[in-house]
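Undergrad: entry04.pdb is the file, holding PDB, C-alpha atoms:
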```
ATOM      1  CA  MET Z 906     -77.086 -55.281 139.310
ATOM      2  CA  VAL Z 907     -75.326 -57.723 137.071
ATOM      3  CA  CYS Z 908     -76.775 -60.343 134.784
ATOM      4  CA  HIS Z 909     -74.886 -63.395 133.616
ATOM      5  CA  ASN Z 910     -75.683 -65.545 130.618
ATOM      6  CA  PRO Z 911     -74.648 -69.022 131.781
ATOM      7  CA  LYS Z 912     -75.630 -72.255 130.143
ATOM      8  CA  TYR Z 913     -77.734 -73.950 132.728
ATOM      9  CA  ILE Z 914     -79.461 -77.190 133.461
ATOM     10  CA  CYS Z 915     -82.982 -76.740 134.737
ATOM     11  CA  ILE Z 916     -83.181 -78.033 138.280
ATOM     12  CA  ARG Z 917     -86.648 -78.364 139.800
ATOM     13  CA  PHE Z 918     -86.176 -77.687 143.455
ATOM     14  CA  ARG Z 919     -88.115 -80.096 145.640
ATOM     15  CA  ILE Z 920     -88.946 -78.034 148.664
ATOM     16  CA  GLN Z 921     -92.262 -76.904 149.985
ATOM     17  CA  SER Z 922     -93.444 -73.644 148.490
ATOM     18  CA  PHE Z 923     -93.153 -70.640 150.732
ATOM     19  CA  LEU Z 924     -96.618 -69.591 149.643
ATOM     20  CA  SER Z 925     -98.368 -72.288 151.671
ATOM     21  CA  LEU Z 926     -99.320 -69.683 154.258
ATOM     22  CA  SER Z 927    -100.194 -66.870 151.879
ATOM     23  CA  PRO Z 928    -103.708 -65.475 152.364
ATOM     24  CA  LEU Z 929    -103.933 -65.058 148.587
ATOM     25  CA  ILE Z 930    -104.355 -68.779 148.169
ATOM     26  CA  GLN Z 931    -106.269 -69.614 151.351
ATOM     27  CA  GLY Z 932    -110.003 -70.109 151.247
ATOM     28  CA  THR Z 933    -110.678 -69.731 147.539
ATOM     29  CA  LEU Z 934    -108.067 -72.243 146.454
ATOM     30  CA  HIS Z 935    -107.476 -75.685 147.941
ATOM     31  CA  LYS Z 936    -104.257 -76.612 149.691
ATOM     32  CA  ASN Z 937    -102.618 -78.025 146.567
ATOM     33  CA  ILE Z 938    -103.075 -74.851 144.538
ATOM     34  CA  PHE Z 939     -99.725 -75.081 142.787
ATOM     35  CA  ARG Z 940    -100.588 -78.435 141.271
ATOM     36  CA  SER Z 941    -104.279 -77.739 140.660
ATOM     37  CA  ARG Z 942    -106.059 -76.607 137.512
ATOM     38  CA  LEU Z 943    -109.085 -74.430 137.167
ATOM     39  CA  ASN Z 944    -111.984 -74.945 134.758
ATOM     40  CA  PRO Z 945    -110.813 -76.698 131.584
ATOM     41  CA  ILE Z 946    -111.971 -73.643 129.670
ATOM     42  CA  THR Z 947    -108.865 -71.505 130.000
ATOM     43  CA  PRO Z 948    -108.710 -68.063 128.371
ATOM     44  CA  ALA Z 949    -105.276 -66.635 127.735
ATOM     45  CA  VAL Z 950    -103.427 -64.115 125.634
ATOM     46  CA  MET Z 951    -100.133 -64.840 123.964
ATOM     47  CA  PHE Z 952     -97.863 -61.846 123.401
ATOM     48  CA  THR Z 953     -95.327 -62.609 120.673
ATOM     49  CA  GLY Z 954     -93.007 -59.881 119.526
ATOM     50  CA  GLN Z 955     -95.120 -57.078 118.108
ATOM     51  CA  LYS Z 956     -98.241 -59.208 117.867
ATOM     52  CA  LYS Z 957    -100.994 -60.200 120.277
ATOM     53  CA  THR Z 958    -103.019 -63.341 119.656
ATOM     54  CA  SER Z 959    -106.146 -64.307 121.568
ATOM     55  CA  VAL Z 960    -106.352 -67.931 122.561
ATOM     56  CA  LEU Z 961    -109.866 -69.216 122.022
ATOM     57  CA  ALA Z 962    -111.827 -71.180 124.584
ATOM     58  CA  ALA Z 963    -111.721 -74.937 124.235
ATOM     59  CA  SER Z 964    -113.708 -77.173 126.566
ATOM     60  CA  SER Z 965    -112.857 -80.714 127.567
ATOM     61  CA  ASP Z 966    -115.988 -82.169 125.942
ATOM     62  CA  GLY Z 967    -114.734 -81.557 122.439
ATOM     63  CA  ASP Z 968    -116.584 -78.338 121.569
ATOM     64  CA  ASP Z 969    -115.215 -76.440 118.603
ATOM     65  CA  PRO Z 970    -112.500 -74.141 120.007
ATOM     66  CA  THR Z 971    -113.076 -71.682 117.167
ATOM     67  CA  ALA Z 972    -116.730 -71.188 118.032
ATOM     68  CA  SER Z 973    -116.231 -68.061 120.117
ATOM     69  CA  THR Z 974    -113.606 -65.911 121.749
ATOM     70  CA  VAL Z 975    -113.248 -65.459 125.479
ATOM     71  CA  SER Z 976    -113.480 -62.273 127.479
ATOM     72  CA  ILE Z 977    -109.963 -61.558 128.667
ATOM     73  CA  SER Z 978    -109.699 -61.028 132.413
ATOM     74  CA  LYS Z 979    -106.520 -62.789 133.468
ATOM     75  CA  PRO Z 980    -103.238 -60.858 133.648
ATOM     76  CA  THR Z 981    -100.165 -61.014 131.449
ATOM     77  CA  ILE Z 982     -96.759 -61.553 133.048
ATOM     78  CA  ILE Z 983     -93.892 -59.275 132.012
ATOM     79  CA  ILE Z 984     -90.295 -60.267 132.794
ATOM     80  CA  CYS Z 985     -87.961 -57.368 133.637
ATOM     81  CA  PRO Z 986     -84.346 -58.658 133.479
ATOM     82  CA  GLY Z 987     -81.135 -57.687 135.167
ATOM     83  CA  ASN Z 988     -78.749 -55.421 133.317
ATOM     84  CA  GLY Z 989     -76.199 -56.787 130.877
ATOM     85  CA  CYS Z 990     -78.751 -59.095 129.249
ATOM     86  CA  THR Z 991     -78.437 -58.397 125.550
ATOM     87  CA  ASN Z 992     -80.338 -61.597 124.764
ATOM     88  CA  ILE Z 993     -82.962 -61.921 127.475
ATOM     89  CA  LYS Z 994     -84.287 -65.324 126.436
ATOM     90  CA  ARG Z 995     -80.829 -66.878 126.794
ATOM     91  CA  SER Z 996     -79.995 -65.092 130.044
ATOM     92  CA  ASN Z 997     -80.459 -66.607 133.480
ATOM     93  CA  TRP Z 998     -83.952 -68.123 133.871
ATOM     94  CA  TYR Z 999     -85.954 -65.623 131.816
ATOM     95  CA  GLY Z1000     -86.505 -67.625 128.640
ATOM     96  CA  HIS Z1001     -87.005 -70.806 130.631
ATOM     97  CA  LEU Z1002     -89.680 -69.145 132.772
ATOM     98  CA  GLN Z1003     -91.508 -67.870 129.698
ATOM     99  CA  GLU Z1004     -91.530 -71.360 128.194
ATOM    100  CA  GLU Z1005     -92.767 -72.911 131.446
ATOM    101  CA  LEU Z1006     -95.586 -70.398 131.818
ATOM    102  CA  GLU Z1007     -96.724 -70.533 128.210
ATOM    103  CA  ARG Z1008     -96.722 -74.320 128.401
ATOM    104  CA  LYS Z1009     -99.310 -73.873 131.155
ATOM    105  CA  GLY Z1010    -101.328 -71.437 129.053
ATOM    106  CA  ILE Z1011    -100.120 -68.370 130.961
ATOM    107  CA  PRO Z1012     -99.262 -65.368 128.760
ATOM    108  CA  CYS Z1013     -95.768 -64.046 129.342
ATOM    109  CA  VAL Z1014     -93.752 -61.238 127.759
ATOM    110  CA  CYS Z1015     -89.988 -61.784 127.564
ATOM    111  CA  GLU Z1016     -88.411 -59.178 125.286
ATOM    112  CA  ASN Z1017     -85.014 -57.539 125.041
ATOM    113  CA  PHE Z1018     -84.850 -54.243 126.898
ATOM    114  CA  PRO Z1019     -83.195 -51.118 125.488
ATOM    115  CA  ASP Z1020     -80.037 -49.802 127.108
ATOM    116  CA  PRO Z1021     -79.283 -53.284 128.510
ATOM    117  CA  ASN Z1022     -75.936 -52.470 130.121
ATOM    118  CA  LYS Z1023     -76.795 -49.258 131.960
ATOM    119  CA  ALA Z1024     -80.479 -50.103 132.467
ATOM    120  CA  ARG Z1025     -81.329 -46.451 132.965
ATOM    121  CA  ARG Z1026     -84.650 -45.593 134.553
ATOM    122  CA  GLU Z1027     -85.420 -43.019 131.874
ATOM    123  CA  LYS Z1028     -85.240 -45.789 129.262
ATOM    124  CA  TRP Z1029     -86.676 -48.767 131.106
ATOM    125  CA  ILE Z1030     -89.813 -47.309 132.708
ATOM    126  CA  PRO Z1031     -91.239 -46.050 129.372
ATOM    127  CA  PHE Z1032     -90.294 -49.343 127.727
ATOM    128  CA  ILE Z1033     -92.079 -51.418 130.371
ATOM    129  CA  HIS Z1034     -95.114 -49.204 129.936
ATOM    130  CA  SER Z1035     -95.019 -49.765 126.180
ATOM    131  CA  LEU Z1036     -94.984 -53.530 126.791
ATOM    132  CA  ALA Z1037     -97.941 -53.224 129.154
ATOM    133  CA  GLU Z1038     -99.862 -51.129 126.619
ATOM    134  CA  ARG Z1039     -99.419 -53.867 124.024
ATOM    135  CA  CYS Z1040    -100.844 -56.572 126.294
ATOM    136  CA  GLU Z1041    -104.328 -57.644 125.276
ATOM    137  CA  SER Z1042    -105.151 -58.130 128.940
ATOM    138  CA  GLY Z1043    -104.871 -54.354 129.385
ATOM    139  CA  GLU Z1044    -101.966 -52.209 130.529
ATOM    140  CA  LYS Z1045    -103.046 -52.315 134.189
ATOM    141  CA  ASN Z1046    -103.765 -56.034 134.109
ATOM    142  CA  VAL Z1047    -100.146 -57.181 134.247
ATOM    143  CA  ILE Z1048     -97.818 -58.850 136.734
ATOM    144  CA  LEU Z1049     -94.223 -57.602 136.702
ATOM    145  CA  VAL Z1050     -91.416 -60.012 137.549
ATOM    146  CA  GLY Z1051     -88.240 -58.024 138.148
ATOM    147  CA  HIS Z1052     -84.789 -59.511 138.733
ATOM    148  CA  SER Z1053     -81.854 -57.448 139.961
ATOM    149  CA  SER Z1054     -81.955 -54.160 137.988
ATOM    150  CA  GLY Z1055     -85.352 -55.308 136.744
ATOM    151  CA  ALA Z1056     -86.528 -55.382 140.358
ATOM    152  CA  GLN Z1057     -85.475 -51.745 140.751
ATOM    153  CA  ALA Z1058     -87.358 -50.862 137.570
ATOM    154  CA  THR Z1059     -90.422 -52.716 138.880
ATOM    155  CA  LEU Z1060     -90.380 -50.695 142.092
ATOM    156  CA  ARG Z1061     -90.142 -47.386 140.259
ATOM    157  CA  TYR Z1062     -92.695 -48.418 137.638
ATOM    158  CA  ALA Z1063     -95.248 -49.075 140.388
ATOM    159  CA  GLU Z1064     -94.734 -45.554 141.690
ATOM    160  CA  GLN Z1065     -96.286 -44.303 138.458
ATOM    161  CA  TYR Z1066     -98.541 -47.011 137.047
ATOM    162  CA  SER Z1067    -101.154 -49.447 138.305
ATOM    163  CA  ILE Z1068    -100.440 -53.175 138.017
ATOM    164  CA  LYS Z1069    -102.033 -56.341 139.410
ATOM    165  CA  ALA Z1070     -98.991 -57.714 141.244
ATOM    166  CA  ALA Z1071     -95.207 -57.521 141.402
ATOM    167  CA  VAL Z1072     -92.520 -60.084 142.164
ATOM    168  CA  LEU Z1073     -89.057 -58.868 143.150
ATOM    169  CA  VAL Z1074     -86.026 -61.139 142.854
ATOM    170  CA  SER Z1075     -82.708 -59.910 144.303
ATOM    171  CA  ALA Z1076     -83.821 -56.337 144.917
ATOM    172  CA  THR Z1077     -81.617 -53.793 146.683
ATOM    173  CA  TYR Z1078     -82.356 -50.528 148.442
ATOM    174  CA  SER Z1079     -79.198 -48.557 147.633
ATOM    175  CA  ASP Z1080     -76.708 -48.370 144.794
ATOM    176  CA  LEU Z1081     -74.130 -50.008 147.098
ATOM    177  CA  GLY Z1082     -71.590 -47.352 146.176
ATOM    178  CA  ASP Z1083     -71.433 -48.435 142.541
ATOM    179  CA  ARG Z1084     -71.229 -45.504 140.109
ATOM    180  CA  ASN Z1085     -72.965 -47.288 137.246
ATOM    181  CA  GLU Z1086     -75.829 -48.283 139.507
ATOM    182  CA  ARG Z1087     -76.079 -44.747 140.837
ATOM    183  CA  GLU Z1088     -76.255 -43.350 137.323
ATOM    184  CA  SER Z1089     -79.157 -45.659 136.462
ATOM    185  CA  GLY Z1090     -81.412 -43.309 138.416
ATOM    186  CA  TYR Z1091     -83.290 -45.818 140.576
ATOM    187  CA  TYR Z1092     -81.708 -45.264 143.981
ATOM    188  CA  PRO Z1093     -82.070 -42.713 146.769
ATOM    189  CA  GLN Z1094     -79.119 -40.332 147.017
ATOM    190  CA  LYS Z1095     -77.660 -38.109 149.689
ATOM    191  CA  ILE Z1096     -76.579 -34.637 148.615
ATOM    192  CA  SER Z1097     -74.925 -31.839 150.514
ATOM    193  CA  THR Z1098     -76.712 -28.506 150.824
ATOM    194  CA  ASP Z1099     -76.116 -25.330 152.801
ATOM    195  CA  GLY Z1100     -78.518 -26.711 155.380
ATOM    196  CA  GLY Z1101     -76.700 -30.020 155.634
ATOM    197  CA  ASP Z1102     -77.080 -33.391 153.979
ATOM    198  CA  LYS Z1103     -80.379 -34.066 152.229
ATOM    199  CA  GLU Z1104     -81.780 -37.291 150.793
ATOM    200  CA  VAL Z1105     -83.330 -37.111 147.351
ATOM    201  CA  ASN Z1106     -84.887 -39.539 144.881
ATOM    202  CA  MET Z1107     -86.458 -41.432 147.769
ATOM    203  CA  TYR Z1108     -88.706 -44.434 147.209
ATOM    204  CA  ASN Z1109     -92.419 -43.715 147.447
ATOM    205  CA  PHE Z1110     -93.529 -46.965 149.010
ATOM    206  CA  GLU Z1111     -97.037 -45.683 149.650
ATOM    207  CA  ALA Z1112     -97.520 -44.959 145.958
ATOM    208  CA  MET Z1113     -96.148 -48.410 145.117
ATOM    209  CA  LYS Z1114     -98.590 -50.108 147.462
ATOM    210  CA  GLY Z1115    -101.443 -47.946 146.222
ATOM    211  CA  ASN Z1116    -100.779 -48.851 142.576
ATOM    212  CA  CYS Z1117     -99.998 -52.520 143.209
ATOM    213  CA  PRO Z1118    -101.995 -54.506 145.805
ATOM    214  CA  LEU Z1119     -99.817 -57.625 145.818
ATOM    215  CA  TRP Z1120     -96.054 -57.712 146.346
ATOM    216  CA  TYR Z1121     -93.754 -60.721 146.675
ATOM    217  CA  GLN Z1122     -90.001 -60.735 147.234
ATOM    218  CA  PHE Z1123     -87.295 -63.396 146.931
ATOM    219  CA  HIS Z1124     -83.775 -63.021 148.262
ATOM    220  CA  SER Z1125     -80.933 -65.274 149.351
ATOM    221  CA  ASN Z1126     -78.527 -65.141 152.258
ATOM    222  CA  ASN Z1127     -75.479 -65.666 150.048
ATOM    223  CA  ASP Z1128     -76.184 -63.167 147.281
ATOM    224  CA  PRO Z1129     -72.666 -62.049 146.240
ATOM    225  CA  PHE Z1130     -73.849 -58.596 145.161
ATOM    226  CA  ILE Z1131     -76.699 -57.599 147.482
ATOM    227  CA  PRO Z1132     -76.420 -58.041 151.255
ATOM    228  CA  LEU Z1133     -79.490 -59.362 153.028
ATOM    229  CA  ASN Z1134     -80.014 -56.122 154.932
ATOM    230  CA  GLU Z1135     -80.494 -54.304 151.606
ATOM    231  CA  ALA Z1136     -83.338 -56.637 150.659
ATOM    232  CA  GLU Z1137     -84.818 -56.266 154.126
ATOM    233  CA  ARG Z1138     -85.051 -52.504 153.690
ATOM    234  CA  ILE Z1139     -87.196 -53.052 150.604
ATOM    235  CA  ARG Z1140     -89.211 -55.680 152.487
ATOM    236  CA  ASP Z1141     -89.873 -53.289 155.349
ATOM    237  CA  GLY Z1142     -90.720 -50.390 153.057
ATOM    238  CA  LEU Z1143     -93.382 -52.483 151.348
ATOM    239  CA  GLY Z1144     -94.564 -53.981 154.630
ATOM    240  CA  LEU Z1145     -93.947 -57.576 153.547
ATOM    241  CA  LYS Z1146     -93.941 -60.446 156.029
ATOM    242  CA  GLU Z1147     -92.236 -63.818 155.800
ATOM    243  CA  ILE Z1148     -94.957 -65.455 157.884
ATOM    244  CA  ASP Z1149     -97.643 -64.774 155.268
ATOM    245  CA  GLY Z1150     -95.441 -65.755 152.337
ATOM    246  CA  HIS Z1151     -94.912 -62.349 150.764
ATOM    247  CA  TYR Z1152     -91.213 -62.248 151.660
ATOM    248  CA  CYS Z1153     -89.115 -65.343 151.105
ATOM    249  CA  MET Z1154     -85.432 -65.734 151.949
ATOM    250  CA  LEU Z1155     -84.192 -68.888 150.213
ATOM    251  CA  PRO Z1156     -80.778 -69.953 151.570
ATOM    252  CA  GLY Z1157     -77.935 -70.732 149.186
ATOM    253  CA  ARG Z1158     -79.481 -69.375 145.979
ATOM    254  CA  SER Z1159     -76.826 -66.724 145.261
ATOM    255  CA  HIS Z1160     -78.181 -64.020 142.923
ATOM    256  CA  PHE Z1161     -80.830 -66.368 141.490
ATOM    257  CA  PHE Z1162     -79.060 -67.091 138.231
ATOM    258  CA  GLU Z1163     -80.767 -70.472 137.814
ATOM    259  CA  PRO Z1164     -84.450 -71.331 137.304
ATOM    260  CA  PHE Z1165     -86.297 -71.890 140.575
ATOM    261  CA  SER Z1166     -89.639 -73.610 140.927
ATOM    262  CA  GLU Z1167     -90.871 -71.357 143.732
ATOM    263  CA  LEU Z1168     -91.197 -68.496 141.244
ATOM    264  CA  THR Z1169     -93.058 -70.560 138.655
ATOM    265  CA  ASP Z1170     -95.420 -71.886 141.327
ATOM    266  CA  LEU Z1171     -96.121 -68.405 142.633
ATOM    267  CA  LEU Z1172     -96.934 -67.012 139.190
ATOM    268  CA  GLU Z1173     -99.177 -69.955 138.387
ATOM    269  CA  ALA Z1174    -101.066 -69.415 141.636
ATOM    270  CA  LEU Z1175    -101.447 -65.691 141.011
ATOM    271  CA  TYR Z1176    -102.668 -66.285 137.474
ATOM    272  CA  GLN Z1177    -105.154 -68.979 138.447
ATOM    273  CA  ASN Z1178    -106.575 -66.870 141.262
ATOM    274  CA  TYR Z1179    -107.736 -64.131 138.877
TER     275      TYR Z1179
END
```
Could I get this file's structure written as structure tokens?

TA:
Amino acid sequence: MVCHNPKYICIRFRIQSFLSLSPLIQGTLHKNIFRSRLNPITPAVMFTGQKKTSVLAASSDGDDPTASTVSISKPTIIICPGNGCTNIKRSNWYGHLQEELERKGIPCVCENFPDPNKARREKWIPFIHSLAERCESGEKNVILVGHSSGAQATLRYAEQYSIKAAVLVSATYSDLGDRNERESGYYPQKISTDGGDKEVNMYNFEAMKGNCPLWYQFHSNNDPFIPLNEAERIRDGLGLKEIDGHYCMLPGRSHFFEPFSELTDLLEALYQNY
């Protein structure tokens, strides 16, 4: 899928979060989870380029923050962009999301991907794994946020590797007849054999769900590239439901080129709940 690099103005959308019904945040977190804060002692890990830096614990009563380090248990968020993003931090909402999360003390990886125009599976899956391996939280203790082609990479990554959670933005089931998308290697294909047509490279949704216990999906009804029924096929394969907040169709959001607060709120809730 395509990725544009527009100059944008950050617009904080003032609508109720679709996660209000999600069982993830019921019971253990109060009803205003997205605006709440946990214990003032907040461990985190900042991933910057090739380096990882532990953030030390600092309590609200003025204790020396350098006194001791904190056991890392919370996940790191990794942003997987759409294709065509040669400068990920200046593309769409990726850099803005990283800044928002890190401002809240949430570690987030936002790095340029190799092969940005073709976004081939053979290049992107190993690269995502290398990012996960470099996270101080641990390679399995990550949340992938995939947009467009990055959503396809997130799906295929979870077929192979364990992760804490995944968020799909503008995901599609098929290559929509586009040759470049087909050559990326993510999509199921139909081939002709002596015994008739055969589907290959199918999604293994059971493996995805086995490796990743929490899935969330955003789509819009006016996406100019991906029809709603394509997103619904992914939704159904993963067994996501709109009523419990794991699938969210937001009207009028196009291909999600602009920052949207629902995503930031979701990631904050996921992070705080660990």

Undergrad: Is it possible to get the residues within 9 Å of (-96.9, -57.1, 131.6) (coordinates as in the file, counting only C-alpha atoms) written as a list in words?

TA: Pro980, Thr981, Ile982, Ile983, Ile984, Cys1013, Val1014, Ile1033, His1034, Leu1036, Ala1037, Glu1038, Arg1039, Cys1040, Ser1042, Gly1043, Glu1044, Lys1045, Asn1046, Val1047, Ile1048, Leu1049, Val1050 and Ile1068 of chain Z

Undergrad: Just give me the residues with any atom within 10 Å of (-98.9, -46.4, 156.5), file coordinates, counting only C-alpha atoms, written as JSON, numbers by chain.

TA: {"Z": [1110, 1111, 1114, 1142, 1143, 1144]}

Undergrad: Go ahead and write the residues just picked, C-alpha atoms, as a PDB file, keeping the file's coordinate frame.

TA:
```pdb
ATOM      1  CA  PHE Z1110     -93.529 -46.965 149.010  1.00  0.00           C
ATOM      2  CA  GLU Z1111     -97.037 -45.683 149.650  1.00  0.00           C
ATOM      3  CA  LYS Z1114     -98.590 -50.108 147.462  1.00  0.00           C
ATOM      4  CA  GLY Z1142     -90.720 -50.390 153.057  1.00  0.00           C
ATOM      5  CA  LEU Z1143     -93.382 -52.483 151.348  1.00  0.00           C
ATOM      6  CA  GLY Z1144     -94.564 -53.981 154.630  1.00  0.00           C
TER       7      GLY Z1144
END
```

Undergrad: With 10 Å as the cut-off and all atoms listed in the file counted, what is the closest atom pair between each nearby residue of range 1004-1121 of chain Z and range 1151-1161 of chain Z? Distances in Å to one decimal, ordered by chain and number, as CSV.

TA:
```
residue,atom,partner,partner_atom,distance
Z:His1052,CA,Z:Phe1161,CA,8.4
Z:Ser1053,CA,Z:His1160,CA,8.1
Z:Val1072,CA,Z:His1151,CA,9.2
Z:Leu1073,CA,Z:Tyr1152,CA,9.4
Z:Val1074,CA,Z:Phe1161,CA,7.5
Z:Ser1075,CA,Z:His1160,CA,6.3
Z:Ala1076,CA,Z:His1160,CA,9.7
Z:Leu1119,CA,Z:His1151,CA,8.4
Z:Trp1120,CA,Z:His1151,CA,6.5
Z:Tyr1121,CA,Z:His1151,CA,4.6
```

Undergrad: Counting all atoms listed in the file, figure out which residue out of Z:Glu1064, Z:Glu1086, Z:Glu1041, Z:Glu1135 gets nearest to Ser978 in chain Z.

TA: Z:Glu1041

Undergrad: For the file shown, report as JSON, numbers by chain the outcome of the PyMOL selection byres ((chain Z and resi 1107) around 8) at residue level.

TA: {"Z": [1092, 1093, 1094, 1104, 1105, 1106, 1108, 1109]}

Undergrad: For the selection just defined, write its residues with C-alpha atoms to a file, as a compact mmCIF listing (two decimals), keeping the file's coordinate frame.

TA:
```
# COMPACT_ATOMS: atom_id res chain seq x y z
CA TYR Z 1092 -81.71 -45.26 143.98
CA PRO Z 1093 -82.07 -42.71 146.77
CA GLN Z 1094 -79.12 -40.33 147.02
CA GLU Z 1104 -81.78 -37.29 150.79
CA VAL Z 1105 -83.33 -37.11 147.35
CA ASN Z 1106 -84.89 -39.54 144.88
CA TYR Z 1108 -88.71 -44.43 147.21
CA ASN Z 1109 -92.42 -43.72 147.45
```

Undergrad: Give me, please, the distance in Å between CA of Lys1103 in chain Z and CA of Cys1117 in chain Z, quoted to one decimal.

TA: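 Computed distance, CA of Lys1103 in chain Z to CA of Cys1117 in chain Z, equals 28.4 Å.
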
Undergrad: Write out as a list in words which residues come within 7 Å of Glu1163 in chain Z when counting only C-alpha atoms, dropping same-chain ones fewer than 2 positions away.

TA: Tyr913, Asn997, Trp998, Phe1161 and Phe1165 of chain Z

Undergrad: Applying the PyMOL selection byres ((chain Z and resi 1060) around 9) to the file I just gave you, which residues come out? Please list them as a ChimeraX atom specification.

TA: /Z:1051,1055-1059,1061-1064,1071,1073,1091,1108,1110,1113

Undergrad: Which residue out of Z:Thr1098, Z:Thr1077, Z:Thr1169, Z:Asn1085 has the minimum interatomic distance to Phe1130 in chain Z when all atoms listed in the file are used?

TA: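 The answer is Z:Thr1077, which sits nearest to Phe1130 in chain Z.
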
Undergrad: Quick one: axis-aligned box around all listed atoms of range 1073-1081 of chain Z, 8 Å on every side, centre and edge lengths in Å to one decimal, written as lines of an AutoDock Vina configuration file.

TA:
```
center_x = -81.6
center_y = -54.8
center_z = 145.6
size_x = 30.9
size_y = 28.8
size_z = 21.6
```

Undergrad: Would you translate the PyMOL selection byres ((chain Z and resi 1083) around 12) into the concrete set of residues it matches in this file, as a VMD selection string?

TA: chain Z and resid 906 to 907 1023 1079 to 1082 1084 to 1090 1092 1130 to 1131

Undergrad: Using only C-alpha atoms, can you tell me which of Z:Trp1029, Z:Phe1162, Z:Phe1018, Z:Tyr999 comes closest to Asp1128 in chain Z?

TA: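 Nearest to Asp1128 in chain Z: Z:Phe1162.
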
Undergrad: Which residue, Z:Asn1017, Z:Ser1125, Z:Glu1027, Z:Ile1148, has the smallest gap to Ser996 in chain Z when you use only C-alpha atoms?

TA: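 Using only C-alpha atoms, the shortest distance to Ser996 in chain Z belongs to Z:Asn1017.
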
Undergrad: Please compute the CA of Ile1011 in chain Z-CA of Phe1123 in chain Z distance, one decimal, in Å.

TA: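 Separation between CA of Ile1011 in chain Z and CA of Phe1123 in chain Z: 21.1 Å.
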
Undergrad: How many Å lie between CA of Leu1172 in chain Z and CA of His1001 in chain Z, rounded to one decimal?

TA: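 Distance between the two atoms: 13.6 Å.
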